[in-house]
Protein chains: 2
Amino acid sequence: MAPEKLAFVGGTGPEGLGLAVRFAAAGHAVVIGSRSEERAQEAAETVRAKVPRAQVEGRLNDEAVREGEIVLVTIPFAGHRDTLKALAPAIGAKIVIDVVSPLAFGGRQIKALAVPEGSAAQQAQALLPQAAVVAAFHHLDAGSLMDLEERLEADVLVCGDHPQAKLRTMALAEQIAGVRALDGGPLANSRYLEEFTALLLSLNKNYRAHTALRIVGIARASGPRRGGKPAQR
Amino acid sequence: MAPEKLAFVGGTGPEGLGLAVRFAAAGHAVVIGSRSEERAQEAAETVRAKVPRAQVEGRLNDEAVREGEIVLVTIPFAGHRDTLKALAPAIGAKIVIDVVSPLAFGGRQIKALAVPEGSAAQQAQALLPQAAVVAAFHHLDAGSLMDLEERLEADVLVCGDHPQAKLRTMALAEQIAGVRALDGGPLANSRYLEEFTALLLSLNKNYRAHTALRIVGIARASGPRRGGKPAQR
């Protein structure tokens with residue numbers, strides 16, 4: 001696929017950093033966004049240390065978002081609503097890939113939180129009505145992403161209501177070695193993806209493992225059925 | 001494992017029948033329960049046609065439940081509450097494996113239904129306070145179960161708060177060739193399992209497939225960590 005310019009909102013956390021490393025290694029330009037420009041630049045250095053030829057910069061979130069063609073949201077759920085509300089003008093009609101799982105880690109159990117809109121991704125779409133929001137990448141282990149020596153073995157389920165945004169996201173996912181992208185249906189299905197993260201993290205804890213997901217029974221590598229009207233993105 | 005006597009509440013539907021066939025083939029005694037004794041006996045004949053040496057009978061639900069040591073609940077969610085409420089005296093303190101996913105099939109999308117107790121399995125536990133309720137087997141394709149020639153490739157995630165009931169269920173699951181059982185944590189996690197069924201069915205529709213789930217990254221075949229106090233069942 002053609003190189004994309006990817007902006008990370010909250011790219012200094014482990015999941016954002018891990019994805020940034022993989023996409024930089026695949027030849028995409030990466031802008032790491034943060035609330036702190038200093039931490040953004042530190043994160044960019046971390047990416048460059050892993051991928052010396054990386055095209056990577058650190059910026060404040062709103063500058064990052066303005067520069068990117070595709071925006072990846074990799075912040076904790078606690079800041080999801082306020083951050084996206086503030087960034088809405090800068091994001092405009094871009095493709096937004098929401099990676100956030102609304103989880104509570106209190107007590108001994110990891111629990112999925114109820115979201116009034118249905119899911120974090122649906123909340124993002126409600127806050128960013130012009131954008132093409134897609135949900136993906138929830139189940140990739142951050143540590144495995146950071147280790148470029150490790151070939152992943154995982155399916156990335158992609159949910160969204162904008163067919164072209166979904167296709168671009170699926171193509172992007174398959175730039176990570178060992179990842180197969182699958183069309184997970186409409187954005188309303190993103191809740192099942194986000195909540196399943198609680199179960200995978202629970203398995204990680206029980207088995208001291210770094211789990212990922214494979215869907216058995218789908219022969220072809222990827223390619224969703226393209227129902228409905230052709231869309232702009 | 002030692003042969004178990006398994007009772008199916010609603011064993012005439014495809015999922016119940018498929019599990020009954022597999023467990024009968026593995027040498028367990030099976031009692032198919034139904035609201036109609038006639039349909040129960042027809043279903044028992046279907047099992048016997050697939051497994052000529054099967055120990056299988058058809059009974060009314062409450063008789064089936066009285067005969068079984070382990071009760072599998074394989075009814076549509078619409079009848080879940082009323083059926084279990086009526087069967088509570090017959091079920092008593094048995095192990096109950098709830099296979100039900102609360103789903104709505106209206107319109108073009110398959111959607112998970114909200115359950116006041118959290119999940120179908122948690123509803124079962126609330127209705128059957130003496131029983132040891134476990135959630136499992138949601139993601140096994142009924143058609144694949146019915147075809148004894150087919151070796152499954154699937155993980156069965158088992159959730160529950162009764163360690164011994166969970167272990168017996170995991171052992172039972174691994175009687176199906178190609179199935180690996182994993183400890184999915186407490187019964188509260190069953191919601192993520194049940195809801196994920198909506199996503200798998202959505203994939204089945206999109207890809208015209210019969211999907212199942214594999215968890216990548218867990219090396220050992222099974223065996224949960226045995227935390228907490230020893231339990232009776």
# chains A, B, ... in the order shown; residues from 1 in each chain; ligands from 1
$ residues_around --residues "His80 (chain B)" --least-positions-apart "6" --cutoff "10 Å" --atoms "only C-alpha atoms" --output "JSON, numbers by chain"
{"B": [9, 10, 73, 74, 98, 100, 102, 120, 121, 123, 124]}
$ write_last_selection --atoms "N, CA, C and O atoms" --output "CSV table (one decimal), in the first residue's frame"
chain,number,residue,atom,x,y,z
B,9,VAL,N,-31.1,-29.2,28.8
B,9,VAL,CA,-32.4,-28.4,28.8
B,9,VAL,C,-32.5,-27.8,27.4
B,9,VAL,O,-31.7,-26.9,27.1
B,10,GLY,N,-33.5,-28.2,26.6
B,10,GLY,CA,-33.6,-27.7,25.3
B,10,GLY,C,-32.6,-28.3,24.4
B,10,GLY,O,-31.8,-27.7,23.7
B,73,VAL,N,-27.5,-26.1,29.5
B,73,VAL,CA,-28.7,-25.2,29.1
B,73,VAL,C,-28.4,-24.7,27.7
B,73,VAL,O,-27.5,-23.9,27.4
B,74,THR,N,-29.3,-25.2,26.7
B,74,THR,CA,-29.1,-24.9,25.3
B,74,THR,C,-30.4,-24.4,24.7
B,74,THR,O,-30.8,-24.9,23.6
B,98,ASP,N,-24.1,-23.2,31.2
B,98,ASP,CA,-25.0,-22.3,30.4
B,98,ASP,C,-24.3,-22.0,29.1
B,98,ASP,O,-23.2,-21.5,29.1
B,100,VAL,N,-26.0,-20.4,26.6
B,100,VAL,CA,-26.9,-19.4,25.9
B,100,VAL,C,-26.2,-18.1,25.7
B,100,VAL,O,-25.6,-17.5,26.6
B,102,PRO,N,-27.4,-14.2,24.8
B,102,PRO,CA,-28.6,-13.4,24.6
B,102,PRO,C,-28.4,-12.5,23.4
B,102,PRO,O,-27.8,-11.5,23.4
B,120,ALA,N,-26.4,-14.1,30.5
B,120,ALA,CA,-27.3,-15.2,30.7
B,120,ALA,C,-26.9,-16.1,31.8
B,120,ALA,O,-27.7,-16.6,32.6
B,121,ALA,N,-25.6,-16.4,31.8
B,121,ALA,CA,-25.1,-17.3,32.9
B,121,ALA,C,-25.2,-16.7,34.3
B,121,ALA,O,-25.5,-17.4,35.2
B,123,GLN,N,-27.6,-14.7,35.1
B,123,GLN,CA,-29.0,-14.8,35.3
B,123,GLN,C,-29.3,-16.2,35.8
B,123,GLN,O,-30.1,-16.4,36.7
B,124,ALA,N,-28.7,-17.2,35.2
B,124,ALA,CA,-28.9,-18.6,35.6
B,124,ALA,C,-28.5,-18.8,37.1
B,124,ALA,O,-29.2,-19.4,37.9
$ select_by_dssp --residues "region 12-137 of chain B" --states "strand (DSSP E)" --output "CSV table (one decimal) with N, CA, C and O atoms, in the first residue's frame"
chain,number,residue,atom,x,y,z
B,29,ALA,N,-23.3,-40.6,29.0
B,29,ALA,CA,-24.7,-40.8,28.9
B,29,ALA,C,-25.4,-39.4,28.7
B,29,ALA,O,-25.0,-38.5,29.3
B,30,VAL,N,-26.3,-39.4,27.8
B,30,VAL,CA,-27.0,-38.1,27.4
B,30,VAL,C,-28.5,-38.2,27.6
B,30,VAL,O,-29.1,-39.2,27.1
B,31,VAL,N,-29.1,-37.3,28.3
B,31,VAL,CA,-30.5,-37.2,28.3
B,31,VAL,C,-30.9,-35.9,27.7
B,31,VAL,O,-30.6,-34.8,28.2
B,32,ILE,N,-31.7,-36.0,26.6
B,32,ILE,CA,-32.1,-34.8,25.8
B,32,ILE,C,-33.4,-34.4,26.5
B,32,ILE,O,-34.4,-35.1,26.5
B,33,GLY,N,-33.5,-33.2,27.0
B,33,GLY,CA,-34.7,-32.6,27.5
B,33,GLY,C,-35.4,-31.7,26.5
B,33,GLY,O,-34.7,-31.1,25.7
B,34,SER,N,-36.7,-31.6,26.6
B,34,SER,CA,-37.5,-30.7,25.8
B,34,SER,C,-38.8,-30.4,26.5
B,34,SER,O,-39.2,-31.1,27.4
B,56,VAL,N,-28.4,-42.8,25.1
B,56,VAL,CA,-29.2,-41.5,24.9
B,56,VAL,C,-30.7,-41.7,25.1
B,56,VAL,O,-31.2,-42.7,24.7
B,57,GLU,N,-31.3,-40.8,25.8
B,57,GLU,CA,-32.8,-40.9,26.0
B,57,GLU,C,-33.4,-39.5,25.8
B,57,GLU,O,-32.7,-38.5,25.9
B,58,GLY,N,-34.6,-39.5,25.5
B,58,GLY,CA,-35.4,-38.2,25.4
B,58,GLY,C,-36.4,-38.1,26.5
B,58,GLY,O,-37.1,-39.1,26.7
B,59,ARG,N,-36.5,-37.0,27.2
B,59,ARG,CA,-37.4,-36.8,28.3
B,59,ARG,C,-37.9,-35.4,28.3
B,59,ARG,O,-37.3,-34.5,27.7
B,60,LEU,N,-38.9,-35.2,29.1
B,60,LEU,CA,-39.3,-33.8,29.4
B,60,LEU,C,-38.2,-33.1,30.2
B,60,LEU,O,-37.4,-33.8,30.9
B,70,ILE,N,-24.8,-33.4,35.3
B,70,ILE,CA,-24.4,-32.1,34.8
B,70,ILE,C,-25.5,-31.7,33.9
B,70,ILE,O,-26.0,-32.4,33.0
B,71,VAL,N,-26.0,-30.4,34.0
B,71,VAL,CA,-27.1,-29.9,33.2
B,71,VAL,C,-26.5,-28.9,32.2
B,71,VAL,O,-25.9,-27.9,32.6
B,72,LEU,N,-26.8,-29.1,30.9
B,72,LEU,CA,-26.4,-28.1,29.9
B,72,LEU,C,-27.6,-27.4,29.5
B,72,LEU,O,-28.6,-28.0,29.1
B,73,VAL,N,-27.5,-26.1,29.5
B,73,VAL,CA,-28.7,-25.2,29.1
B,73,VAL,C,-28.4,-24.7,27.7
B,73,VAL,O,-27.5,-23.9,27.4
B,95,ILE,N,-24.3,-29.1,38.8
B,95,ILE,CA,-23.5,-28.3,37.9
B,95,ILE,C,-24.3,-27.9,36.7
B,95,ILE,O,-24.9,-28.8,36.1
B,96,VAL,N,-24.4,-26.6,36.4
B,96,VAL,CA,-25.1,-26.2,35.2
B,96,VAL,C,-24.2,-25.5,34.3
B,96,VAL,O,-23.5,-24.5,34.7
B,97,ILE,N,-24.1,-26.0,33.1
B,97,ILE,CA,-23.3,-25.3,32.0
B,97,ILE,C,-24.2,-24.5,31.1
B,97,ILE,O,-25.0,-25.1,30.4
B,98,ASP,N,-24.1,-23.2,31.2
B,98,ASP,CA,-25.0,-22.3,30.4
B,98,ASP,C,-24.3,-22.0,29.1
B,98,ASP,O,-23.2,-21.5,29.1
B,103,LEU,N,-29.0,-12.9,22.3
B,103,LEU,CA,-28.9,-12.2,21.0
B,103,LEU,C,-30.2,-11.9,20.4
B,103,LEU,O,-31.2,-12.6,20.6
B,104,ALA,N,-30.2,-10.8,19.7
B,104,ALA,CA,-31.4,-10.4,18.9
B,104,ALA,C,-31.0,-10.4,17.4
B,104,ALA,O,-30.0,-9.9,17.0
B,111,LYS,N,-27.4,-8.6,17.3
B,111,LYS,CA,-27.0,-7.7,18.4
B,111,LYS,C,-27.1,-8.5,19.8
B,111,LYS,O,-28.0,-9.3,20.0
B,112,ALA,N,-26.2,-8.2,20.7
B,112,ALA,CA,-26.2,-8.7,22.0
B,112,ALA,C,-27.2,-8.0,22.8
B,112,ALA,O,-27.3,-6.7,22.7
B,132,ALA,N,-24.0,-24.8,40.7
B,132,ALA,CA,-22.7,-24.3,40.4
B,132,ALA,C,-22.7,-24.0,38.9
B,132,ALA,O,-22.6,-24.9,38.0
B,133,VAL,N,-23.0,-22.7,38.5
B,133,VAL,CA,-23.2,-22.4,37.1
B,133,VAL,C,-21.9,-22.0,36.5
B,133,VAL,O,-21.0,-21.3,37.1
B,134,VAL,N,-21.7,-22.5,35.3
B,134,VAL,CA,-20.5,-22.3,34.5
B,134,VAL,C,-21.0,-21.8,33.1
B,134,VAL,O,-22.0,-22.3,32.7
B,135,ALA,N,-20.2,-21.0,32.5
B,135,ALA,CA,-20.6,-20.6,31.1
B,135,ALA,C,-19.5,-21.1,30.1
B,135,ALA,O,-18.3,-21.0,30.4
$ interface_residues --of "chain B" --to "chain A" --cutoff "8 Å" --atoms "only C-alpha atoms" --output "list in words"
Lys111, Glu153, Ala154, Asp183, Gly184, Gly185, Asn189, Tyr192, Leu193, Glu195, Phe196, Ala198, Leu199, Ser202, Leu203, Asn206, Tyr207, Ala209, His210, Thr211, Ala212, Leu213, Arg214, Ile215, Val216, Gly217, Ile218, Pro224 and Arg225 of chain B
$ residues_around --residues "Glu15 (chain A)" --least-positions-apart "3" --cutoff "9 Å" --atoms "only C-alpha atoms" --output "compact mmCIF listing (two decimals) with C-alpha atoms, in the first residue's frame"
# COMPACT_ATOMS: atom_id res chain seq x y z
CA GLY A 11 1.11 7.89 21.24
CA THR A 12 3.35 7.78 24.28
CA GLY A 18 3.99 -0.36 19.71
CA LEU A 19 1.77 0.41 16.72
CA ALA A 20 3.93 3.43 15.84
CA THR A 74 -4.54 5.25 21.74
CA ILE A 75 -5.35 7.04 24.98
CA VAL A 99 -8.02 1.51 19.60
CA HIS A 138 -7.61 -3.67 20.49
CA LEU A 140 -2.55 -6.73 19.83
CA ASP A 141 -0.16 -7.04 22.72
CA ALA A 142 1.87 -3.87 23.20
CA GLY A 143 5.03 -5.75 24.19
CA LEU A 145 4.33 -4.91 18.90
CA MET A 146 7.43 -3.24 20.36
$ decode --residues "region 89-113 of chain B" --atoms "N, CA, C and O atoms" --output "mmCIF file, in the first residue's frame"
data_model
loop_
_atom_site.group_PDB
_atom_site.id
_atom_site.type_symbol
_atom_site.label_atom_id
_atom_site.label_comp_id
_atom_site.auth_asym_id
_atom_site.auth_seq_id
_atom_site.Cartn_x
_atom_site.Cartn_y
_atom_site.Cartn_z
ATOM 1 N N PRO B 89 -36.160 -26.329 41.280
ATOM 2 C CA PRO B 89 -36.214 -27.425 42.268
ATOM 3 C C PRO B 89 -35.575 -28.718 41.746
ATOM 4 O O PRO B 89 -34.899 -29.416 42.498
ATOM 5 N N ALA B 90 -35.772 -29.006 40.467
ATOM 6 C CA ALA B 90 -35.202 -30.238 39.904
ATOM 7 C C ALA B 90 -33.681 -30.123 39.747
ATOM 8 O O ALA B 90 -32.969 -31.119 39.866
ATOM 9 N N ILE B 91 -33.195 -28.954 39.480
ATOM 10 C CA ILE B 91 -31.751 -28.768 39.273
ATOM 11 C C ILE B 91 -30.996 -28.768 40.608
ATOM 12 O O ILE B 91 -29.924 -29.353 40.733
ATOM 13 N N GLY B 92 -31.578 -28.130 41.601
ATOM 14 C CA GLY B 92 -30.948 -28.132 42.930
ATOM 15 C C GLY B 92 -29.512 -27.649 42.891
ATOM 16 O O GLY B 92 -29.236 -26.565 42.395
ATOM 17 N N ALA B 93 -28.604 -28.484 43.401
ATOM 18 C CA ALA B 93 -27.208 -28.071 43.566
ATOM 19 C C ALA B 93 -26.298 -28.651 42.482
ATOM 20 O O ALA B 93 -25.089 -28.768 42.665
ATOM 21 N N LYS B 94 -26.879 -29.015 41.342
ATOM 22 C CA LYS B 94 -26.057 -29.620 40.287
ATOM 23 C C LYS B 94 -25.146 -28.599 39.606
ATOM 24 O O LYS B 94 -25.272 -27.398 39.799
ATOM 25 N N ILE B 95 -24.260 -29.126 38.787
ATOM 26 C CA ILE B 95 -23.462 -28.269 37.905
ATOM 27 C C ILE B 95 -24.310 -27.915 36.690
ATOM 28 O O ILE B 95 -24.917 -28.791 36.077
ATOM 29 N N VAL B 96 -24.362 -26.638 36.380
ATOM 30 C CA VAL B 96 -25.135 -26.164 35.231
ATOM 31 C C VAL B 96 -24.180 -25.454 34.267
ATOM 32 O O VAL B 96 -23.510 -24.493 34.652
ATOM 33 N N ILE B 97 -24.123 -25.953 33.050
ATOM 34 C CA ILE B 97 -23.296 -25.303 32.022
ATOM 35 C C ILE B 97 -24.222 -24.506 31.116
ATOM 36 O O ILE B 97 -25.034 -25.073 30.384
ATOM 37 N N ASP B 98 -24.120 -23.201 31.197
ATOM 38 C CA ASP B 98 -25.000 -22.348 30.403
ATOM 39 C C ASP B 98 -24.311 -22.013 29.089
ATOM 40 O O ASP B 98 -23.204 -21.463 29.078
ATOM 41 N N VAL B 99 -24.970 -22.363 27.985
ATOM 42 C CA VAL B 99 -24.395 -22.199 26.644
ATOM 43 C C VAL B 99 -25.086 -21.046 25.910
ATOM 44 O O VAL B 99 -24.805 -20.757 24.757
ATOM 45 N N VAL B 100 -25.984 -20.360 26.605
ATOM 46 C CA VAL B 100 -26.885 -19.412 25.946
ATOM 47 C C VAL B 100 -26.209 -18.056 25.721
ATOM 48 O O VAL B 100 -25.567 -17.512 26.616
ATOM 49 N N SER B 101 -26.355 -17.520 24.518
ATOM 50 C CA SER B 101 -25.944 -16.140 24.213
ATOM 51 C C SER B 101 -27.201 -15.310 23.993
ATOM 52 O O SER B 101 -28.014 -15.642 23.131
ATOM 53 N N PRO B 102 -27.374 -14.241 24.758
ATOM 54 C CA PRO B 102 -28.580 -13.420 24.585
ATOM 55 C C PRO B 102 -28.432 -12.522 23.364
ATOM 56 O O PRO B 102 -27.762 -11.498 23.421
ATOM 57 N N LEU B 103 -29.038 -12.927 22.274
ATOM 58 C CA LEU B 103 -28.868 -12.213 21.008
ATOM 59 C C LEU B 103 -30.214 -11.859 20.403
ATOM 60 O O LEU B 103 -31.189 -12.565 20.590
ATOM 61 N N ALA B 104 -30.219 -10.752 19.654
ATOM 62 C CA ALA B 104 -31.403 -10.370 18.884
ATOM 63 C C ALA B 104 -31.025 -10.427 17.414
ATOM 64 O O ALA B 104 -29.987 -9.894 17.014
ATOM 65 N N PHE B 105 -31.854 -11.088 16.621
ATOM 66 C CA PHE B 105 -31.542 -11.284 15.209
ATOM 67 C C PHE B 105 -32.364 -10.369 14.304
ATOM 68 O O PHE B 105 -32.341 -10.504 13.100
ATOM 69 N N GLY B 106 -33.102 -9.442 14.912
ATOM 70 C CA GLY B 106 -33.954 -8.563 14.104
ATOM 71 C C GLY B 106 -33.132 -7.651 13.210
ATOM 72 O O GLY B 106 -32.013 -7.280 13.542
ATOM 73 N N GLY B 107 -33.691 -7.286 12.069
ATOM 74 C CA GLY B 107 -33.007 -6.370 11.153
ATOM 75 C C GLY B 107 -31.815 -7.040 10.512
ATOM 76 O O GLY B 107 -31.740 -8.267 10.441
ATOM 77 N N ARG B 108 -30.844 -6.239 10.065
ATOM 78 C CA ARG B 108 -29.703 -6.807 9.342
ATOM 79 C C ARG B 108 -28.576 -7.185 10.280
ATOM 80 O O ARG B 108 -27.675 -7.921 9.906
ATOM 81 N N GLN B 109 -28.598 -6.666 11.498
ATOM 82 C CA GLN B 109 -27.499 -6.914 12.423
ATOM 83 C C GLN B 109 -27.881 -7.906 13.510
ATOM 84 O O GLN B 109 -29.035 -7.949 13.936
ATOM 85 N N ILE B 110 -26.887 -8.651 13.948
ATOM 86 C CA ILE B 110 -27.055 -9.514 15.108
ATOM 87 C C ILE B 110 -26.548 -8.729 16.309
ATOM 88 O O ILE B 110 -25.408 -8.263 16.310
ATOM 89 N N LYS B 111 -27.376 -8.572 17.306
ATOM 90 C CA LYS B 111 -26.991 -7.730 18.442
ATOM 91 C C LYS B 111 -27.069 -8.488 19.760
ATOM 92 O O LYS B 111 -27.962 -9.318 19.951
ATOM 93 N N ALA B 112 -26.166 -8.177 20.654
ATOM 94 C CA ALA B 112 -26.221 -8.743 21.997
ATOM 95 C C ALA B 112 -27.249 -7.968 22.814
ATOM 96 O O ALA B 112 -27.319 -6.741 22.736
ATOM 97 N N LEU B 113 -28.049 -8.690 23.551
ATOM 98 C CA LEU B 113 -29.067 -8.070 24.399
ATOM 99 C C LEU B 113 -28.506 -7.812 25.791
ATOM 100 O O LEU B 113 -27.742 -8.628 26.315
#
